[in-house]
$ cat input.pdb   # PDB, C-alpha atoms
ATOM      1  CA  MET A   1       0.909   8.950  -3.648
ATOM      2  CA  TRP A   2      -2.203  10.875  -4.612
ATOM      3  CA  THR A   3      -0.803  13.056  -7.370
ATOM      4  CA  HIS A   4       0.859  12.003 -10.593
ATOM      5  CA  ARG A   5       1.789  14.168 -13.554
ATOM      6  CA  SER A   6      -0.007  11.950 -16.048
ATOM      7  CA  TRP A   7      -3.244  12.140 -14.018
ATOM      8  CA  GLN A   8      -3.393  15.940 -14.102
ATOM      9  CA  GLY A   9      -6.077  17.244 -16.405
ATOM     10  CA  ARG A  10      -7.031  13.684 -17.372
ATOM     11  CA  LEU A  11      -8.150  11.928 -14.172
ATOM     12  CA  LEU A  12      -7.779  14.807 -11.725
ATOM     13  CA  ALA A  13      -8.621  18.452 -12.324
ATOM     14  CA  HIS A  14      -5.604  20.665 -13.005
ATOM     15  CA  PRO A  15      -4.395  22.869 -11.521
ATOM     16  CA  LEU A  16      -5.460  22.050  -7.978
ATOM     17  CA  PRO A  17      -4.193  23.697  -4.781
ATOM     18  CA  PRO A  18      -2.405  21.347  -2.352
ATOM     19  CA  THR A  19      -5.438  21.451  -0.052
ATOM     20  CA  GLU A  20      -7.628  19.869  -2.764
ATOM     21  CA  ARG A  21      -5.408  17.248  -4.417
ATOM     22  CA  LEU A  22      -6.003  14.466  -1.923
ATOM     23  CA  ARG A  23      -9.722  15.265  -1.811
ATOM     24  CA  HIS A  24      -9.970  14.604  -5.551
ATOM     25  CA  TYR A  25      -7.862  11.438  -5.356
ATOM     26  CA  ALA A  26     -10.113  10.135  -2.571
ATOM     27  CA  ARG A  27     -13.029  10.130  -5.011
ATOM     28  CA  TRP A  28     -11.094   7.696  -7.200
ATOM     29  CA  CYS A  29      -9.657   5.417  -4.522
ATOM     30  CA  THR A  30     -10.487   4.993  -0.847
ATOM     31  CA  ALA A  31      -7.000   4.103   0.384
ATOM     32  CA  VAL A  32      -3.472   5.389  -0.142
ATOM     33  CA  GLU A  33       0.047   4.183   0.548
ATOM     34  CA  GLY A  34       1.970   6.658   2.682
ATOM     35  CA  ASN A  35       5.110   6.749   0.565
ATOM     36  CA  THR A  36       5.985  10.339   1.454
ATOM     37  CA  THR A  37       6.231   9.486   5.149
ATOM     38  CA  PHE A  38       8.936   6.942   4.309
ATOM     39  CA  TYR A  39      11.249   9.741   3.194
ATOM     40  CA  ALA A  40      10.440  12.308   5.876
ATOM     41  CA  THR A  41       8.108  12.731   8.836
ATOM     42  CA  PRO A  42       5.431  15.261   7.831
ATOM     43  CA  SER A  43       4.334  18.201   9.938
ATOM     44  CA  ARG A  44       1.171  17.885  12.021
ATOM     45  CA  ASP A  45      -0.329  20.727   9.987
ATOM     46  CA  ALA A  46       0.197  18.803   6.755
ATOM     47  CA  VAL A  47      -1.343  15.676   8.261
ATOM     48  CA  ALA A  48      -4.278  17.699   9.574
ATOM     49  CA  SER A  49      -4.867  18.883   6.007
ATOM     50  CA  TRP A  50      -4.920  15.241   4.831
ATOM     51  CA  ALA A  51      -7.562  14.459   7.434
ATOM     52  CA  GLN A  52      -9.656  17.464   6.397
ATOM     53  CA  GLN A  53      -9.647  16.306   2.771
ATOM     54  CA  THR A  54     -10.895  12.777   3.488
ATOM     55  CA  ASP A  55     -13.806  11.022   5.144
ATOM     56  CA  PRO A  56     -13.197   9.159   8.434
ATOM     57  CA  GLY A  57     -13.465   5.843   6.552
ATOM     58  CA  PHE A  58     -10.625   6.669   4.145
ATOM     59  CA  ARG A  59      -7.647   4.363   4.686
ATOM     60  CA  PHE A  60      -4.164   5.798   5.161
ATOM     61  CA  LEU A  61      -1.298   3.318   5.459
ATOM     62  CA  PRO A  62       1.638   5.578   6.310
ATOM     63  CA  LYS A  63       5.067   4.005   6.115
ATOM     64  CA  LEU A  64       7.417   4.420   9.034
ATOM     65  CA  PRO A  65      10.350   6.676   8.110
ATOM     66  CA  LYS A  66      13.346   4.986   6.513
ATOM     67  CA  LEU A  67      15.418   6.397   9.378
ATOM     68  CA  VAL A  68      13.593   3.897  11.595
ATOM     69  CA  THR A  69      13.358   0.921   9.238
ATOM     70  CA  HIS A  70      16.364   1.120   6.928
ATOM     71  CA  GLU A  71      19.006   3.330   8.513
ATOM     72  CA  ARG A  72      18.652   2.276  12.165
ATOM     73  CA  ARG A  73      16.968  -1.058  11.367
ATOM     74  CA  LEU A  74      14.461  -0.757  14.235
ATOM     75  CA  ALA A  75      17.115  -0.166  16.918
ATOM     76  CA  ASP A  76      17.576   3.032  18.972
ATOM     77  CA  VAL A  77      14.544   4.630  17.332
ATOM     78  CA  ASP A  78      12.517   5.946  20.268
ATOM     79  CA  GLU A  79      12.897   9.608  19.347
ATOM     80  CA  PRO A  80      12.127   9.441  15.585
ATOM     81  CA  LEU A  81       9.319   6.975  16.244
ATOM     82  CA  ARG A  82       7.768   9.257  18.845
ATOM     83  CA  ALA A  83       7.978  12.211  16.432
ATOM     84  CA  PHE A  84       6.329  10.163  13.679
ATOM     85  CA  LEU A  85       3.477   8.956  15.877
ATOM     86  CA  ASP A  86       2.844  12.490  17.074
ATOM     87  CA  ALA A  87       2.797  13.813  13.491
ATOM     88  CA  ILE A  88       0.197  11.347  12.207
ATOM     89  CA  GLU A  89      -2.116  11.723  15.211
ATOM     90  CA  PRO A  90      -4.495  14.104  13.347
ATOM     91  CA  LEU A  91      -5.465  11.279  10.973
ATOM     92  CA  GLY A  92      -7.444   9.661  13.773
ATOM     93  CA  PRO A  93      -9.457   6.658  12.533
ATOM     94  CA  ARG A  94      -8.109   7.103   9.004
ATOM     95  CA  THR A  95      -4.852   5.407  10.047
ATOM     96  CA  HIS A  96      -5.760   1.914   8.897
ATOM     97  CA  ALA A  97      -2.333   0.482   9.776
ATOM     98  CA  LEU A  98       1.238   1.646  10.164
ATOM     99  CA  TRP A  99       3.403   0.181   7.422
ATOM    100  CA  ILE A 100       6.791  -1.199   8.461
ATOM    101  CA  GLN A 101       8.643  -1.718   5.176
ATOM    102  CA  LEU A 102      11.956  -3.467   5.803
ATOM    103  CA  PRO A 103      15.000  -3.594   3.510
ATOM    104  CA  GLY A 104      15.889  -6.688   1.508
ATOM    105  CA  SER A 105      18.893  -7.253   3.764
ATOM    106  CA  PHE A 106      16.638  -7.631   6.817
ATOM    107  CA  GLY A 107      16.620 -11.424   7.082
ATOM    108  CA  PRO A 108      15.784 -14.280   9.444
ATOM    109  CA  ALA A 109      18.642 -13.383  11.794
ATOM    110  CA  ASP A 110      16.975  -9.997  12.349
ATOM    111  CA  VAL A 111      13.573 -11.360  13.357
ATOM    112  CA  PRO A 112      14.299 -11.051  17.114
ATOM    113  CA  THR A 113      14.910  -7.329  16.538
ATOM    114  CA  LEU A 114      11.558  -7.063  14.806
ATOM    115  CA  ALA A 115       9.881  -8.935  17.662
ATOM    116  CA  ARG A 116      11.343  -6.551  20.256
ATOM    117  CA  PHE A 117      10.322  -3.545  18.162
ATOM    118  CA  LEU A 118       6.735  -4.736  17.736
ATOM    119  CA  ARG A 119       6.381  -5.445  21.459
ATOM    120  CA  ARG A 120       7.290  -1.830  22.269
ATOM    121  CA  LEU A 121       4.807  -0.224  19.879
ATOM    122  CA  PRO A 122       1.655   1.382  21.265
ATOM    123  CA  THR A 123      -1.444  -0.779  21.001
ATOM    124  CA  SER A 124      -3.490   2.175  19.764
ATOM    125  CA  HIS A 125      -2.452   1.354  16.178
ATOM    126  CA  ARG A 126      -2.513  -1.682  13.939
ATOM    127  CA  TYR A 127       0.721  -2.658  12.198
ATOM    128  CA  ALA A 128       1.656  -4.310   8.932
ATOM    129  CA  VAL A 129       5.110  -5.493   7.911
ATOM    130  CA  GLU A 130       6.604  -5.826   4.438
ATOM    131  CA  VAL A 131       9.719  -8.008   4.177
ATOM    132  CA  ARG A 132      11.800  -8.557   1.055
ATOM    133  CA  HIS A 133      14.442 -11.090   2.075
ATOM    134  CA  PRO A 134      13.946 -14.196  -0.126
ATOM    135  CA  ALA A 135      14.365 -16.615   2.784
ATOM    136  CA  PHE A 136      11.049 -15.536   4.302
ATOM    137  CA  PHE A 137       9.325 -16.824   1.170
ATOM    138  CA  THR A 138      11.422 -19.893   0.360
ATOM    139  CA  ASP A 139      12.615 -21.273   3.716
ATOM    140  CA  PRO A 140       9.704 -22.843   5.655
ATOM    141  CA  ARG A 141      11.510 -22.358   8.948
ATOM    142  CA  ALA A 142      12.021 -18.635   8.294
ATOM    143  CA  THR A 143       8.403 -18.321   7.167
ATOM    144  CA  ARG A 144       7.128 -19.903  10.369
ATOM    145  CA  GLN A 145       9.482 -17.754  12.427
ATOM    146  CA  ILE A 146       8.270 -14.418  11.104
ATOM    147  CA  GLU A 147       4.623 -15.521  10.944
ATOM    148  CA  GLY A 148       4.839 -16.381  14.626
ATOM    149  CA  VAL A 149       6.270 -12.974  15.524
ATOM    150  CA  LEU A 150       3.655 -11.143  13.462
ATOM    151  CA  THR A 151       0.802 -13.230  14.827
ATOM    152  CA  ASP A 152       1.901 -12.576  18.408
ATOM    153  CA  ALA A 153       1.844  -8.850  17.660
ATOM    154  CA  GLN A 154      -1.453  -9.080  15.729
ATOM    155  CA  ALA A 155       0.399  -7.560  12.780
ATOM    156  CA  GLU A 156      -0.208  -8.279   9.104
ATOM    157  CA  TRP A 157       2.340  -9.437   6.512
ATOM    158  CA  ILE A 158       2.105  -7.286   3.352
ATOM    159  CA  PRO A 159       3.005  -9.221   0.194
ATOM    160  CA  PHE A 160       4.291  -7.294  -2.819
ATOM    161  CA  ASP A 161       3.209  -9.400  -5.784
ATOM    162  CA  THR A 162       5.503  -8.782  -8.751
ATOM    163  CA  THR A 163       5.084 -12.223 -10.339
ATOM    164  CA  ALA A 164       2.974 -10.931 -13.248
ATOM    165  CA  PHE A 165       5.443  -8.129 -13.877
ATOM    166  CA  PHE A 166       8.457 -10.451 -14.031
ATOM    167  CA  ALA A 167       6.671 -13.106 -16.111
ATOM    168  CA  SER A 168       8.182 -11.740 -19.346
ATOM    169  CA  PRO A 169      10.844  -9.175 -20.322
ATOM    170  CA  PRO A 170      10.071  -5.440 -20.151
ATOM    171  CA  THR A 171       8.708  -3.648 -23.215
ATOM    172  CA  SER A 172       8.850   0.052 -22.232
ATOM    173  CA  ASP A 173      11.205   2.473 -20.525
ATOM    174  CA  ALA A 174       9.014   2.469 -17.402
ATOM    175  CA  GLU A 175       9.037  -1.327 -17.290
ATOM    176  CA  ARG A 176      12.790  -1.461 -17.819
ATOM    177  CA  ASP A 177      13.296   0.953 -14.936
ATOM    178  CA  ALA A 178      11.006  -1.061 -12.649
ATOM    179  CA  TRP A 179      12.766  -4.260 -13.726
ATOM    180  CA  THR A 180      15.933  -3.104 -11.987
ATOM    181  CA  ARG A 181      14.272  -1.732  -8.838
ATOM    182  CA  LYS A 182      11.335  -3.921  -7.843
ATOM    183  CA  PRO A 183      11.758  -7.041  -5.681
ATOM    184  CA  ARG A 184      11.401 -10.408  -7.411
ATOM    185  CA  LEU A 185       9.823 -12.691  -4.810
ATOM    186  CA  PRO A 186       7.509 -15.723  -4.782
ATOM    187  CA  LEU A 187       3.777 -15.204  -4.562
ATOM    188  CA  ARG A 188       2.276 -15.091  -1.072
ATOM    189  CA  SER A 189      -1.440 -14.758  -0.376
ATOM    190  CA  ARG A 190      -2.017 -15.848   3.209
ATOM    191  CA  ALA A 191      -3.655 -13.380   5.591
ATOM    192  CA  LEU A 192      -2.639 -13.251   9.250
ATOM    193  CA  THR A 193      -5.313 -10.794  10.448
ATOM    194  CA  ASP A 194      -8.792  -9.603   9.547
ATOM    195  CA  ARG A 195      -7.256  -6.674   7.616
ATOM    196  CA  PRO A 196      -5.006  -8.134   4.905
ATOM    197  CA  ILE A 197      -3.092  -5.698   2.696
ATOM    198  CA  VAL A 198      -1.729  -6.464  -0.778
ATOM    199  CA  ARG A 199       0.513  -4.614  -3.215
ATOM    200  CA  TYR A 200       0.211  -5.775  -6.814
ATOM    201  CA  LEU A 201       2.435  -4.665  -9.702
ATOM    202  CA  GLY A 202       1.095  -5.260 -13.198
ATOM    203  CA  ARG A 203       2.385  -4.214 -16.603
ATOM    204  CA  ASP A 204       1.878  -1.104 -18.705
ATOM    205  CA  ASP A 205      -0.455  -3.220 -20.853
ATOM    206  CA  HIS A 206      -3.913  -3.295 -19.241
ATOM    207  CA  GLY A 207      -4.765  -6.752 -20.527
ATOM    208  CA  ARG A 208      -1.678  -8.309 -18.969
ATOM    209  CA  THR A 209      -2.294  -6.440 -15.708
ATOM    210  CA  VAL A 210      -5.846  -7.770 -15.504
ATOM    211  CA  GLU A 211      -4.727 -11.272 -16.432
ATOM    212  CA  GLY A 212      -2.124 -11.195 -13.681
ATOM    213  CA  TRP A 213      -4.548 -10.183 -10.943
ATOM    214  CA  GLN A 214      -7.090 -12.994 -11.480
ATOM    215  CA  HIS A 215      -5.537 -14.903  -8.578
ATOM    216  CA  TRP A 216      -6.150 -11.911  -6.333
ATOM    217  CA  ILE A 217      -9.788 -11.645  -7.375
ATOM    218  CA  ASP A 218     -10.312 -15.152  -5.997
ATOM    219  CA  VAL A 219      -8.316 -14.430  -2.841
ATOM    220  CA  VAL A 220     -10.001 -11.108  -2.064
ATOM    221  CA  VAL A 221     -13.461 -12.549  -2.684
ATOM    222  CA  GLY A 222     -12.608 -15.347  -0.254
ATOM    223  CA  TRP A 223     -11.376 -12.883   2.356
ATOM    224  CA  LEU A 224     -14.534 -10.802   2.086
ATOM    225  CA  ARG A 225     -16.727 -13.874   2.478
ATOM    226  CA  GLU A 226     -14.739 -14.761   5.595
ATOM    227  CA  GLY A 227     -15.560 -11.351   7.062
ATOM    228  CA  ARG A 228     -12.115  -9.817   6.505
ATOM    229  CA  SER A 229     -11.605  -6.242   5.270
ATOM    230  CA  PRO A 230      -8.781  -6.289   2.708
ATOM    231  CA  THR A 231      -6.966  -3.344   1.153
ATOM    232  CA  MET A 232      -5.610  -3.788  -2.384
ATOM    233  CA  PHE A 233      -3.097  -1.462  -4.030
ATOM    234  CA  VAL A 234      -2.748  -1.737  -7.806
ATOM    235  CA  HIS A 235       0.385  -0.434  -9.472
ATOM    236  CA  THR A 236       1.831  -0.416 -12.961
ATOM    237  CA  PRO A 237       5.383   0.622 -13.884
ATOM    238  CA  ASP A 238       4.282   4.086 -15.035
ATOM    239  CA  ASN A 239       1.140   4.285 -12.807
ATOM    240  CA  ALA A 240      -0.518   6.354 -15.547
ATOM    241  CA  ASP A 241      -3.798   4.445 -15.317
ATOM    242  CA  ALA A 242      -3.442   3.000 -11.817
ATOM    243  CA  PRO A 243      -6.623   4.675 -10.444
ATOM    244  CA  LEU A 244      -8.641   3.355 -13.389
ATOM    245  CA  LEU A 245      -7.243  -0.134 -12.885
ATOM    246  CA  ALA A 246      -7.843  -0.031  -9.133
ATOM    247  CA  ARG A 247     -11.501   0.774  -9.756
ATOM    248  CA  ARG A 248     -11.719  -2.012 -12.322
ATOM    249  CA  PHE A 249     -10.329  -4.471  -9.780
ATOM    250  CA  HIS A 250     -12.943  -3.282  -7.286
ATOM    251  CA  ASP A 251     -15.675  -3.721  -9.902
ATOM    252  CA  ASP A 252     -14.497  -7.253 -10.689
ATOM    253  CA  VAL A 253     -14.601  -8.175  -7.002
ATOM    254  CA  ARG A 254     -17.977  -6.512  -6.503
ATOM    255  CA  ALA A 255     -19.412  -8.526  -9.404
ATOM    256  CA  ARG A 256     -18.888 -11.580  -7.200
ATOM    257  CA  VAL A 257     -19.611  -9.894  -3.844
ATOM    258  CA  PRO A 258     -22.526  -7.506  -4.572
ATOM    259  CA  SER A 259     -22.663  -6.386  -0.949
ATOM    260  CA  LEU A 260     -19.267  -4.682  -1.332
ATOM    261  CA  GLU A 261     -19.655  -0.922  -0.963
ATOM    262  CA  VAL A 262     -19.728   1.077  -4.187
ATOM    263  CA  LEU A 263     -16.801   3.443  -4.778
ATOM    264  CA  PRO A 264     -17.517   7.191  -4.883
ATOM    265  CA  GLN A 265     -17.827   8.935  -8.233
ATOM    266  CA  PRO A 266     -14.728  10.933  -9.254
ATOM    267  CA  VAL A 267     -14.937  14.704  -9.425
ATOM    268  CA  PRO A 268     -15.338  15.758 -13.093
ATOM    269  CA  VAL A 269     -12.092  16.984 -14.577
ATOM    270  CA  GLU A 270     -13.869  19.731 -16.518
ATOM    271  CA  PRO A 271     -16.615  21.892 -14.975
ATOM    272  CA  ALA A 272     -20.143  21.146 -16.132
ATOM    273  CA  THR A 273     -21.499  23.411 -18.889
ATOM    274  CA  LEU A 274     -24.951  24.177 -20.243
ATOM    275  CA  PHE A 275     -24.070  23.138 -23.799
TER     276      PHE A 275
END
$ encode --input "input.pdb" --output "structure tokens"
Amino acid sequence: MWTHRSWQGRLLAHPLPPTERLRHYARWCTAVEGNTTFYATPSRDAVASWAQQTDPGFRFLPKLPKLVTHERRLADVDEPLRAFLDAIEPLGPRTHALWIQLPGSFGPADVPTLARFLRRLPTSHRYAVEVRHPAFFTDPRATRQIEGVLTDAQAEWIPFDTTAFFASPPTSDAERDAWTRKPRLPLRSRALTDRPIVRYLGRDDHGRTVEGWQHWIDVVVGWLREGRSPTMFVHTPDNADAPLLARRFHDDVRARVPSLEVLPQPVPVEPATLF
């Protein structure tokens, strides 16, 4: 997601043509979750436009289509997978990892299917897997099982940290909606590769969001000092200030790791004037 109604005219200039929206977002944040690719494989022309709007170092993490992950559950997917890989080819080095988000019903019994699927993927890409079945987080045997499969494939495990969000009851319509839809899973912060990826869901209240991510400041600082290159996605239930919060998280990490690259300056929402 690189456009949001509440960002228009406040964080991002408005109106913007489709060929400029991602370019402006990329001055706020240097990575993006590929949520749109989960719902449908984009055209190569659309993907080429994404590449043209971003620097080679920008990080795309496109999700595999739900046809592959949720509807066919990684089986009999050669054709849609081939079409997806062909469509994203114009991103080139911007494809940081391909995101395999699995449904909550995909449990320990399905791990052999995941292992077979990962073995058949082209080695030209990196892969990251998000699981939501509780057993992977609470059953040590299931944890070891999937960690072994991911390690063999040099794939990362993406945690979705919702612990701060579920720490107390919702207080807004956006929080109440997210309360019914977001996964409620234990905290996980172990990296399997040199490119860990984290999703963090805070609250609509900035103070509570910042309080909830203090654990991740410590973890990300540790990863950077180990030579890893993490990607952190910051969400709130309404995402109204998510870009601002993401930059604040980056600033908090950079205060402890001064060598971390500075983020670009956002494009001014209003054109500069003489008065």
$ resolve_selection --input "input.pdb" --expression "the PyMOL selection byres ((chain A and resi 65) around 6)" --output "list in words"
Thr37, Phe38, Tyr39, Leu64, Lys66, Leu67 and Val68 of chain A
$ resolve_selection --input "input.pdb" --expression "the PyMOL selection byres ((chain A and resi 200-206) around 10)" --output "PyMOL selection string"
chain A and resi 159-168+170-172+174-175+178+182+198-199+207-213+216+232-242+245
$ atom_distance --input "input.pdb" --atom1 "atom CA of Ala155 of chain A" --atom2 "atom CA of Asp110 of chain A"
16.8 Å
$ atom_distance --input "input.pdb" --atom1 "atom CA of Pro80 of chain A" --atom2 "atom CA of Tyr25 of chain A"
29.0 Å
$ atom_distance --input "input.pdb" --atom1 "atom CA of His70 of chain A" --atom2 "atom CA of Val111 of chain A"
14.3 Å
$ resolve_selection --input "input.pdb" --expression "the PyMOL selection byres ((chain A and resi 194) around 10)" --output "PyMOL selection string"
chain A and resi 154-156+191-193+195-197+223-224+226-230
$ closest_residue --input "input.pdb" --among "A:Leu91, A:Leu98, A:Trp28, A:Ala153" --to "Arg120 of chain A" --atoms "only C-alpha atoms"
A:Ala153
